[in-house]
Amino acid sequence: MNKTVKIILIIVAIILLVWVLKYFKDANSKDVVDYKVETPFYTSINTKAVATGKLNPEEEIELKPQISGIVDKILVEEGDLVKKGDLIAKIRVVPNEQSLVSAKSRIATARLSFDNAKVLYDRNKTLFDKGVISIQDFENSELSYNQAKESLAQAQNDYQIIKKGSISGGNSANTNIIAQIAGTILEIPVREGDQVIQSNNFNDGTTIATIADMSLMIFEGKVDEAEVGKLEEGKEIKVILGAINDKEFPARLTFVAPKGIEENGAVQFTIKANVTIDSTTNVRAGYSANAEIDIESKDSVLAIREALLQYNRITEKPFVEILNGDNKFKKEDVKLGLSDGINVEITEGVKEDDQIKVWNKASKDNEDEDND
């Protein structure tokens with residue numbers, strides 16, 4: 001083998017040796033990835049429950065007629081403020097022909113009885129004044145006369161009620177729909193000329209108008225069964241309206257349902273809270289709203305970002321990886337405390353000066369090398 005071939009072989013061997021050394025060096029360097037690290041910190045953690053629902057008036061009533069007929073006149077409009085006793089609408093009675101004829105017949109019958117009783121009364125009074133009959137006979141005829149008189153008046157009143165809906169047509173008439181509370185007219189579902197049905201034991205009746213006191217509002221919402229056990233009546237909460245996102249309204253929890261309702265596979269419990277509305281805010285019934293309820297809170301606790309946690313696939317216990325002195329990470333089981341979904345309290349397993357691996361994010365240098 002000549003000298004030139006030997007030199008070429010030596011050069012190739014050197015190149016191969018350098019390449020092998022570089023390969024093993026790169027392989028070893030990749031075994032220890034330079035991950036980003038974070039240290040624990042002290043912070044305040046608050047856990048909250050969020051209930052979705054609506055804002056409704058605490059006092060809301062529906063005005064219904066006490067007699068069937070046709071809406072003759074509506075004196076208010078939706079949104080108007082009314083006082084208790086204000087006239088809302090008038091009902092025009094459309095009498096039943098058969099009932100009207102029967103009422104007239106009863107008047108005629110009662111008048112015959114009254115005329116007969118009056119004749120007997122006048123006759124007995126004359127005889128009693130002359131001492132012909134006893135006082136008992138006279139009092140019996142007087143009683144019959146008064147009863148006949150009352151029956152005639154009653155028959156006449158019945159006729160007026162059937163024909164006009166009332167006797168006198170005053171404020172107490174059944175044809176007048178009166179506001180029972182002071183408040184705002186929320187809705188008038190009928191119009192002039194509509195036929196309405198009276199409210200009775202067998203029928204709810206037609207709603208003439210809905211009135212509510214808008215100064216007293218309540219939040220009605222639902223919470224999950226996992227959170228309802230931590231709620232109690234009298235607790236202060238915050239209500240945020242969908243139409244007024246930039247403002248929070250204080251409220252006090254007044255009701256937690258004793259029984260849940262299953263909805264979409266989850267058990268929900270109804271809650272209610274009195275909401276304080278300032279006079280400068282214009283709210284409307286039916287606004288969608290969310291209630292934020294503080295469940296538990298701790299101040300100055302040692303915590304880490306919840307994203308740093310890892311879980312054992314078999315035991316499902318949480319752990320973190322802590323940086324040691326030789327640029328490697330060791331697993332450390334931890335015990336968790338309160339969590340708000342972003343930060344979590346660490347009660348055991350981590351010290352304040354530990355450096356915890358951000359297990360899903362390497363450093364910028366490694367990222368650049370990988371890209372190369």
# chains A, B, ... in the order shown; residues from 1 in each chain; ligands from 1

call {"tool": "residues_around", "arguments": {"residues": "stretch 310-318 of chain A", "least_positions_apart": "5", "cutoff": "8 Å", "atoms": "only C-alpha atoms", "output": "ChimeraX atom specification"}}
result
/A:333-335

call {"tool": "residues_around", "arguments": {"residues": "stretch 127-129 of chain A", "least_positions_apart": "6", "cutoff": "10 Å", "atoms": "only C-alpha atoms", "output": "mmCIF file with C-alpha atoms, in the first residue's frame"}}
result
data_model
loop_
_atom_site.group_PDB
_atom_site.id
_atom_site.type_symbol
_atom_site.label_atom_id
_atom_site.label_comp_id
_atom_site.auth_asym_id
_atom_site.auth_seq_id
_atom_site.Cartn_x
_atom_site.Cartn_y
_atom_site.Cartn_z
ATOM 1 C CA TYR A 121 -149.433 44.246 55.203
ATOM 2 C CA ILE A 135 -149.703 41.940 67.342
ATOM 3 C CA GLN A 136 -148.256 38.522 66.322
ATOM 4 C CA ASP A 137 -150.425 38.370 63.216
ATOM 5 C CA PHE A 138 -149.431 41.906 62.317
ATOM 6 C CA GLU A 139 -145.696 41.176 62.787
#

call {"tool": "residues_around", "arguments": {"residues": "A:Leu308", "least_positions_apart": "4", "cutoff": "8 Å", "atoms": "only C-alpha atoms", "output": "PyMOL selection string"}}
result
chain A and resi 304+320+356-359

call {"tool": "write_last_selection", "arguments": {"atoms": "N, CA and C atoms", "output": "PDB file, in the first residue's frame"}}
result
ATOM      1  N   ILE A 304     -48.541  27.057  43.121  1.00  0.00           N
ATOM      2  CA  ILE A 304     -47.918  26.992  41.802  1.00  0.00           C
ATOM      3  C   ILE A 304     -49.019  27.059  40.763  1.00  0.00           C
ATOM      4  N   VAL A 320     -44.763  16.764  40.730  1.00  0.00           N
ATOM      5  CA  VAL A 320     -44.048  17.761  39.931  1.00  0.00           C
ATOM      6  C   VAL A 320     -42.617  17.279  39.760  1.00  0.00           C
ATOM      7  N   ILE A 356     -39.381  24.252  39.540  1.00  0.00           N
ATOM      8  CA  ILE A 356     -40.271  23.222  39.011  1.00  0.00           C
ATOM      9  C   ILE A 356     -40.289  23.299  37.497  1.00  0.00           C
ATOM     10  N   LYS A 357     -40.193  22.114  36.877  1.00  0.00           N
ATOM     11  CA  LYS A 357     -40.131  22.049  35.421  1.00  0.00           C
ATOM     12  C   LYS A 357     -41.484  22.397  34.810  1.00  0.00           C
ATOM     13  N   VAL A 358     -41.427  23.228  33.795  1.00  0.00           N
ATOM     14  CA  VAL A 358     -42.595  23.454  32.948  1.00  0.00           C
ATOM     15  C   VAL A 358     -42.563  22.338  31.922  1.00  0.00           C
ATOM     16  N   TRP A 359     -43.255  21.250  32.239  1.00  0.00           N
ATOM     17  CA  TRP A 359     -43.034  19.997  31.517  1.00  0.00           C
ATOM     18  C   TRP A 359     -43.476  20.019  30.059  1.00  0.00           C
TER      19      TRP A 359
END

call {"tool": "closest_residue", "arguments": {"among": "A:Glu142, A:Asp194, A:Asp204, A:Asp299", "to": "A:Lys73", "atoms": "only C-alpha atoms"}}
result
A:Asp194

call {"tool": "closest_atom_pairs", "arguments": {"of": "stretch 120-220 of chain A", "to": "stretch 81-100 of chain A", "cutoff": "7 Å", "atoms": "only C-alpha atoms", "output": "JSON lines"}}
result
{"residue": "A:Tyr159", "atom": "CA", "partner": "A:Leu100", "partner_atom": "CA", "distance": 6.7}
{"residue": "A:Ile162", "atom": "CA", "partner": "A:Pro95", "partner_atom": "CA", "distance": 5.9}
{"residue": "A:Lys163", "atom": "CA", "partner": "A:Pro95", "partner_atom": "CA", "distance": 5.3}
{"residue": "A:Lys164", "atom": "CA", "partner": "A:Val93", "partner_atom": "CA", "distance": 5.7}
{"residue": "A:Gly165", "atom": "CA", "partner": "A:Val93", "partner_atom": "CA", "distance": 5.8}
{"residue": "A:Thr175", "atom": "CA", "partner": "A:Ile91", "partner_atom": "CA", "distance": 4.6}
{"residue": "A:Asn176", "atom": "CA", "partner": "A:Lys90", "partner_atom": "CA", "distance": 4.8}
{"residue": "A:Ile177", "atom": "CA", "partner": "A:Ala89", "partner_atom": "CA", "distance": 5.1}
{"residue": "A:Ile178", "atom": "CA", "partner": "A:Leu87", "partner_atom": "CA", "distance": 4.7}
{"residue": "A:Ala179", "atom": "CA", "partner": "A:Gly85", "partner_atom": "CA", "distance": 5.1}
{"residue": "A:Gln180", "atom": "CA", "partner": "A:Lys84", "partner_atom": "CA", "distance": 5.3}
{"residue": "A:Ile181", "atom": "CA", "partner": "A:Lys84", "partner_atom": "CA", "distance": 4.6}
{"residue": "A:Ala182", "atom": "CA", "partner": "A:Lys83", "partner_atom": "CA", "distance": 4.2}
{"residue": "A:Gly183", "atom": "CA", "partner": "A:Val82", "partner_atom": "CA", "distance": 5.6}
{"residue": "A:Thr184", "atom": "CA", "partner": "A:Leu81", "partner_atom": "CA", "distance": 4.6}
{"residue": "A:Ile185", "atom": "CA", "partner": "A:Leu81", "partner_atom": "CA", "distance": 6.5}

call {"tool": "select_by_dssp", "arguments": {"residues": "stretch 90-175 of chain A", "states": "helix (DSSP H, G or I)", "output": "tab-separated table (two decimals) with N, CA, C and O atoms, in the first residue's frame"}}
result
chain	number	residue	atom	x	y	z
A	97	GLU	N	-128.27	35.97	26.53
A	97	GLU	CA	-129.70	36.25	26.33
A	97	GLU	C	-130.56	35.41	27.26
A	97	GLU	O	-131.55	35.90	27.84
A	98	GLN	N	-130.24	34.16	27.42
A	98	GLN	CA	-131.04	33.29	28.28
A	98	GLN	C	-130.96	33.74	29.73
A	98	GLN	O	-131.98	33.77	30.44
A	99	SER	N	-129.78	34.10	30.18
A	99	SER	CA	-129.64	34.58	31.56
A	99	SER	C	-130.39	35.88	31.77
A	99	SER	O	-130.99	36.11	32.83
A	100	LEU	N	-130.40	36.74	30.73
A	100	LEU	CA	-131.10	38.02	30.84
A	100	LEU	C	-132.61	37.80	30.94
A	100	LEU	O	-133.30	38.44	31.76
A	101	VAL	N	-133.14	36.89	30.14
A	101	VAL	CA	-134.58	36.58	30.19
A	101	VAL	C	-134.96	35.98	31.54
A	101	VAL	O	-135.99	36.32	32.14
A	102	SER	N	-134.11	35.10	32.04
A	102	SER	CA	-134.38	34.48	33.35
A	102	SER	C	-134.37	35.52	34.45
A	102	SER	O	-135.19	35.46	35.37
A	103	ALA	N	-133.45	36.47	34.37
A	103	ALA	CA	-133.39	37.53	35.38
A	103	ALA	C	-134.64	38.40	35.34
A	103	ALA	O	-135.17	38.79	36.38
A	104	LYS	N	-135.12	38.70	34.13
A	104	LYS	CA	-136.36	39.48	34.02
A	104	LYS	C	-137.53	38.71	34.61
A	104	LYS	O	-138.40	39.30	35.29
A	105	SER	N	-137.58	37.42	34.36
A	105	SER	CA	-138.66	36.59	34.90
A	105	SER	C	-138.63	36.59	36.43
A	105	SER	O	-139.68	36.65	37.08
A	106	ARG	N	-137.44	36.53	37.01
A	106	ARG	CA	-137.33	36.54	38.47
A	106	ARG	C	-137.78	37.87	39.04
A	106	ARG	O	-138.38	37.93	40.11
A	107	ILE	N	-137.52	38.97	38.31
A	107	ILE	CA	-138.00	40.28	38.77
A	107	ILE	C	-139.53	40.32	38.77
A	107	ILE	O	-140.17	40.80	39.73
A	108	ALA	N	-140.13	39.80	37.70
A	108	ALA	CA	-141.59	39.79	37.61
A	108	ALA	C	-142.20	38.95	38.73
A	108	ALA	O	-143.19	39.35	39.37
A	109	THR	N	-141.63	37.79	39.00
A	109	THR	CA	-142.14	36.92	40.06
A	109	THR	C	-141.98	37.59	41.42
A	109	THR	O	-142.90	37.56	42.27
A	110	ALA	N	-140.81	38.20	41.64
A	110	ALA	CA	-140.58	38.86	42.92
A	110	ALA	C	-141.50	40.06	43.09
A	110	ALA	O	-141.96	40.36	44.20
A	111	ARG	N	-141.82	40.75	41.98
A	111	ARG	CA	-142.72	41.90	42.09
A	111	ARG	C	-144.15	41.45	42.46
A	111	ARG	O	-144.83	42.11	43.25
A	112	LEU	N	-144.60	40.33	41.89
A	112	LEU	CA	-145.92	39.80	42.24
A	112	LEU	C	-145.99	39.46	43.73
A	112	LEU	O	-146.97	39.78	44.42
A	113	SER	N	-144.95	38.81	44.22
A	113	SER	CA	-144.92	38.46	45.64
A	113	SER	C	-144.88	39.70	46.51
A	113	SER	O	-145.55	39.78	47.56
A	114	PHE	N	-144.13	40.72	46.05
A	114	PHE	CA	-144.04	41.95	46.83
A	114	PHE	C	-145.39	42.68	46.87
A	114	PHE	O	-145.81	43.17	47.92
A	115	ASP	N	-146.05	42.78	45.70
A	115	ASP	CA	-147.35	43.46	45.66
A	115	ASP	C	-148.36	42.77	46.57
A	115	ASP	O	-149.14	43.43	47.28
A	116	ASN	N	-148.38	41.43	46.53
A	116	ASN	CA	-149.31	40.68	47.37
A	116	ASN	C	-149.00	40.89	48.84
A	116	ASN	O	-149.91	41.08	49.67
A	117	ALA	N	-147.69	40.85	49.19
A	117	ALA	CA	-147.31	41.03	50.59
A	117	ALA	C	-147.63	42.44	51.06
A	117	ALA	O	-148.01	42.65	52.23
A	118	LYS	N	-147.54	43.43	50.16
A	118	LYS	CA	-147.84	44.81	50.55
A	118	LYS	C	-149.33	44.99	50.84
A	118	LYS	O	-149.72	45.67	51.79
A	119	VAL	N	-150.16	44.34	50.00
A	119	VAL	CA	-151.61	44.42	50.23
A	119	VAL	C	-151.96	43.82	51.59
A	119	VAL	O	-152.73	44.40	52.37
A	120	LEU	N	-151.42	42.64	51.90
A	120	LEU	CA	-151.68	41.99	53.18
A	120	LEU	C	-151.18	42.83	54.33
A	120	LEU	O	-151.83	42.94	55.38
A	121	TYR	N	-150.00	43.42	54.13
A	121	TYR	CA	-149.43	44.25	55.20
A	121	TYR	C	-150.31	45.47	55.48
A	121	TYR	O	-150.59	45.80	56.64
A	122	ASP	N	-150.72	46.16	54.41
A	122	ASP	CA	-151.58	47.35	54.61
A	122	ASP	C	-152.90	46.98	55.28
A	122	ASP	O	-153.40	47.70	56.16
A	123	ARG	N	-153.48	45.86	54.86
A	123	ARG	CA	-154.75	45.44	55.45
A	123	ARG	C	-154.57	45.11	56.94
A	123	ARG	O	-155.38	45.54	57.78
A	124	ASN	N	-153.56	44.32	57.26
A	124	ASN	CA	-153.35	43.92	58.65
A	124	ASN	C	-152.97	45.10	59.53
A	124	ASN	O	-153.28	45.13	60.72
A	125	LYS	N	-152.32	46.08	58.93
A	125	LYS	CA	-151.96	47.25	59.73
A	125	LYS	C	-153.21	48.03	60.14
A	125	LYS	O	-153.34	48.49	61.28
A	126	THR	N	-154.16	48.11	59.19
A	126	THR	CA	-155.42	48.80	59.51
A	126	THR	C	-156.18	48.02	60.59
A	126	THR	O	-156.70	48.62	61.56
A	127	LEU	N	-156.24	46.71	60.46
A	127	LEU	CA	-156.94	45.88	61.45
A	127	LEU	C	-156.24	45.94	62.79
A	127	LEU	O	-156.90	45.94	63.86
A	128	PHE	N	-154.90	45.97	62.77
A	128	PHE	CA	-154.17	46.03	64.03
A	128	PHE	C	-154.40	47.36	64.73
A	128	PHE	O	-154.55	47.42	65.96
A	129	ASP	N	-154.47	48.45	63.94
A	129	ASP	CA	-154.72	49.77	64.56
A	129	ASP	C	-156.11	49.81	65.21
A	129	ASP	O	-156.32	50.52	66.21
A	135	ILE	N	-150.99	41.39	67.79
A	135	ILE	CA	-149.70	41.94	67.34
A	135	ILE	C	-148.87	40.89	66.62
A	135	ILE	O	-148.10	41.20	65.71
A	136	GLN	N	-149.02	39.59	66.99
A	136	GLN	CA	-148.26	38.52	66.32
A	136	GLN	C	-148.66	38.38	64.87
A	136	GLN	O	-147.81	38.24	63.99
A	137	ASP	N	-149.98	38.46	64.60
A	137	ASP	CA	-150.42	38.37	63.22
A	137	ASP	C	-149.91	39.54	62.39
A	137	ASP	O	-149.52	39.39	61.22
A	138	PHE	N	-149.92	40.73	63.02
A	138	PHE	CA	-149.43	41.91	62.32
A	138	PHE	C	-147.93	41.79	62.01
A	138	PHE	O	-147.48	42.11	60.90
A	139	GLU	N	-147.15	41.30	62.99
A	139	GLU	CA	-145.70	41.18	62.79
A	139	GLU	C	-145.37	40.12	61.73
A	139	GLU	O	-144.40	40.25	60.99
A	140	ASN	N	-146.17	39.08	61.63
A	140	ASN	CA	-145.95	38.07	60.59
A	140	ASN	C	-146.17	38.65	59.20
A	140	ASN	O	-145.42	38.37	58.26
A	141	SER	N	-147.22	39.46	59.07
A	141	SER	CA	-147.46	40.09	57.76
A	141	SER	C	-146.39	41.12	57.43
A	141	SER	O	-145.99	41.28	56.26
A	142	GLU	N	-145.88	41.81	58.47
A	142	GLU	CA	-144.81	42.78	58.25
A	142	GLU	C	-143.53	42.08	57.81
A	142	GLU	O	-142.82	42.57	56.91
A	143	LEU	N	-143.26	40.92	58.42
A	143	LEU	CA	-142.07	40.15	58.04
A	143	LEU	C	-142.17	39.67	56.59
A	143	LEU	O	-141.21	39.75	55.82
A	144	SER	N	-143.31	39.18	56.18
A	144	SER	CA	-143.50	38.71	54.81
A	144	SER	C	-143.33	39.85	53.82
A	144	SER	O	-142.76	39.69	52.73
A	145	TYR	N	-143.83	41.03	54.21
A	145	TYR	CA	-143.69	42.20	53.35
A	145	TYR	C	-142.23	42.59	53.17
A	145	TYR	O	-141.78	42.84	52.03
A	146	ASN	N	-141.46	42.63	54.23
A	146	ASN	CA	-140.05	43.00	54.15
A	146	ASN	C	-139.24	41.97	53.36
A	146	ASN	O	-138.33	42.32	52.60
A	147	GLN	N	-139.57	40.69	53.53
A	147	GLN	CA	-138.86	39.65	52.78
A	147	GLN	C	-139.15	39.76	51.28
A	147	GLN	O	-138.26	39.60	50.45
A	148	ALA	N	-140.40	40.04	50.94
A	148	ALA	CA	-140.76	40.21	49.53
A	148	ALA	C	-140.07	41.43	48.93
A	148	ALA	O	-139.64	41.42	47.78
A	149	LYS	N	-139.94	42.48	49.74
A	149	LYS	CA	-139.27	43.68	49.28
A	149	LYS	C	-137.79	43.42	49.01
A	149	LYS	O	-137.23	43.87	47.99
A	150	GLU	N	-137.17	42.64	49.91
A	150	GLU	CA	-135.76	42.32	49.74
A	150	GLU	C	-135.54	41.40	48.54
A	150	GLU	O	-134.57	41.56	47.79
A	151	SER	N	-136.44	40.46	48.32
A	151	SER	CA	-136.32	39.55	47.18
A	151	SER	C	-136.44	40.31	45.87
A	151	SER	O	-135.73	40.02	44.90
A	152	LEU	N	-137.33	41.31	45.81
A	152	LEU	CA	-137.47	42.11	44.61
A	152	LEU	C	-136.20	42.92	44.33
A	152	LEU	O	-135.72	42.99	43.18
A	153	ALA	N	-135.62	43.50	45.39
A	153	ALA	CA	-134.38	44.27	45.22
A	153	ALA	C	-133.24	43.37	44.74
A	153	ALA	O	-132.44	43.76	43.87
A	154	GLN	N	-133.19	42.16	45.28
A	154	GLN	CA	-132.14	41.24	44.88
A	154	GLN	C	-132.29	40.82	43.42
A	154	GLN	O	-131.32	40.73	42.67
A	155	ALA	N	-133.52	40.57	42.99
A	155	ALA	CA	-133.77	40.19	41.60
A	155	ALA	C	-133.39	41.33	40.66
A	155	ALA	O	-132.83	41.10	39.57
A	156	GLN	N	-133.67	42.56	41.06
A	156	GLN	CA	-133.30	43.72	40.23
A	156	GLN	C	-131.78	43.88	40.14
A	156	GLN	O	-131.24	44.21	39.08
A	157	ASN	N	-131.10	43.65	41.27
A	157	ASN	CA	-129.63	43.73	41.27
A	157	ASN	C	-129.02	42.66	40.38
A	157	ASN	O	-128.06	42.93	39.64
A	158	ASP	N	-129.56	41.45	40.46
A	158	ASP	CA	-129.05	40.36	39.61
A	158	ASP	C	-129.20	40.72	38.14
A	158	ASP	O	-128.31	40.43	37.33
A	159	TYR	N	-130.30	41.33	37.80
A	159	TYR	CA	-130.54	41.72	36.41
A	159	TYR	C	-129.50	42.76	35.96
A	159	TYR	O	-128.96	42.69	34.85
A	160	GLN	N	-129.19	43.74	36.83
A	160	GLN	CA	-128.21	44.77	36.49
A	160	GLN	C	-126.81	44.18	36.33
A	160	GLN	O	-126.06	44.57	35.43
A	161	ILE	N	-126.46	43.22	37.20
A	161	ILE	CA	-125.14	42.59	37.11
A	161	ILE	C	-125.00	41.80	35.82
A	161	ILE	O	-123.97	41.85	35.14
A	162	ILE	N	-126.07	41.06	35.45
A	162	ILE	CA	-126.02	40.26	34.22
A	162	ILE	C	-125.95	41.17	33.00
A	162	ILE	O	-125.23	40.90	32.04
A	163	LYS	N	-126.64	42.29	33.05
A	163	LYS	CA	-126.71	43.17	31.89
A	163	LYS	C	-125.50	44.09	31.77
A	163	LYS	O	-124.95	44.27	30.67
A	164	LYS	N	-125.06	44.66	32.92
A	164	LYS	CA	-124.00	45.68	32.88
A	164	LYS	C	-122.72	45.27	33.60
A	164	LYS	O	-121.69	45.96	33.48

call {"tool": "closest_residue", "arguments": {"among": "A:Gln355, A:Thr52, A:Thr254, A:Ser297", "to": "A:Gly325", "atoms": "only C-alpha atoms"}}
result
A:Gln355

call {"tool": "residues_around", "arguments": {"residues": "A:Gly234", "least_positions_apart": "4", "cutoff": "12 Å", "atoms": "only C-alpha atoms", "output": "PyMOL selection string"}}
result
chain A and resi 251-256+271-274+293

call {"tool": "write_last_selection", "arguments": {"atoms": "C-alpha atoms", "output": "PDB file, in the first residue's frame"}}
result
ATOM      1  CA  ALA A 251     -77.128  40.516  46.479  1.00  0.00           C
ATOM      2  CA  ARG A 252     -78.004  38.348  49.448  1.00  0.00           C
ATOM      3  CA  LEU A 253     -78.834  34.655  49.081  1.00  0.00           C
ATOM      4  CA  THR A 254     -82.350  34.026  50.399  1.00  0.00           C
ATOM      5  CA  PHE A 255     -83.268  30.555  49.154  1.00  0.00           C
ATOM      6  CA  VAL A 256     -81.528  27.284  48.323  1.00  0.00           C
ATOM      7  CA  ILE A 271     -81.281  29.437  44.287  1.00  0.00           C
ATOM      8  CA  LYS A 272     -82.767  32.900  44.830  1.00  0.00           C
ATOM      9  CA  ALA A 273     -81.172  36.130  46.005  1.00  0.00           C
ATOM     10  CA  ASN A 274     -82.391  39.657  46.703  1.00  0.00           C
ATOM     11  CA  ILE A 293     -70.599  33.073  44.858  1.00  0.00           C
TER      12      ILE A 293
END

call {"tool": "closest_residue", "arguments": {"among": "A:Ile211, A:Leu75, A:Val37, A:Ile11", "to": "A:Glu60", "atoms": "only C-alpha atoms"}}
result
A:Ile211

call {"tool": "residues_around", "arguments": {"residues": "stretch 258-265 of chain A", "least_positions_apart": "2", "cutoff": "12 Å", "atoms": "only C-alpha atoms", "output": "ChimeraX atom specification"}}
result
/A:222-226,228-229,231-233,255-256,267-271

call {"tool": "write_last_selection", "arguments": {"atoms": "C-alpha atoms", "output": "tab-separated table (two decimals), in the first residue's frame"}}
result
chain	number	residue	atom	x	y	z
A	222	LYS	CA	-79.30	27.18	39.32
A	223	VAL	CA	-76.10	25.68	40.71
A	224	ASP	CA	-74.56	22.24	40.38
A	225	GLU	CA	-74.92	19.65	43.14
A	226	ALA	CA	-71.15	19.72	43.73
A	228	VAL	CA	-74.82	23.56	46.56
A	229	GLY	CA	-73.61	21.93	49.78
A	231	LEU	CA	-74.08	27.48	50.08
A	232	GLU	CA	-76.16	28.87	52.89
A	233	GLU	CA	-78.93	31.44	53.11
A	255	PHE	CA	-83.27	30.55	49.15
A	256	VAL	CA	-81.53	27.28	48.32
A	267	VAL	CA	-78.56	17.61	39.09
A	268	GLN	CA	-79.25	21.34	39.45
A	269	PHE	CA	-80.54	23.22	42.50
A	270	THR	CA	-82.52	26.46	42.29
A	271	ILE	CA	-81.28	29.44	44.29

call {"tool": "select_by_dssp", "arguments": {"residues": "stretch 40-240 of chain A", "states": "strand (DSSP E)", "output": "ChimeraX atom specification"}}
result
/A:41-57,60-63,69-74,81-82,87-92,176-178,183-187,195-196,209-212,217-224,236-240
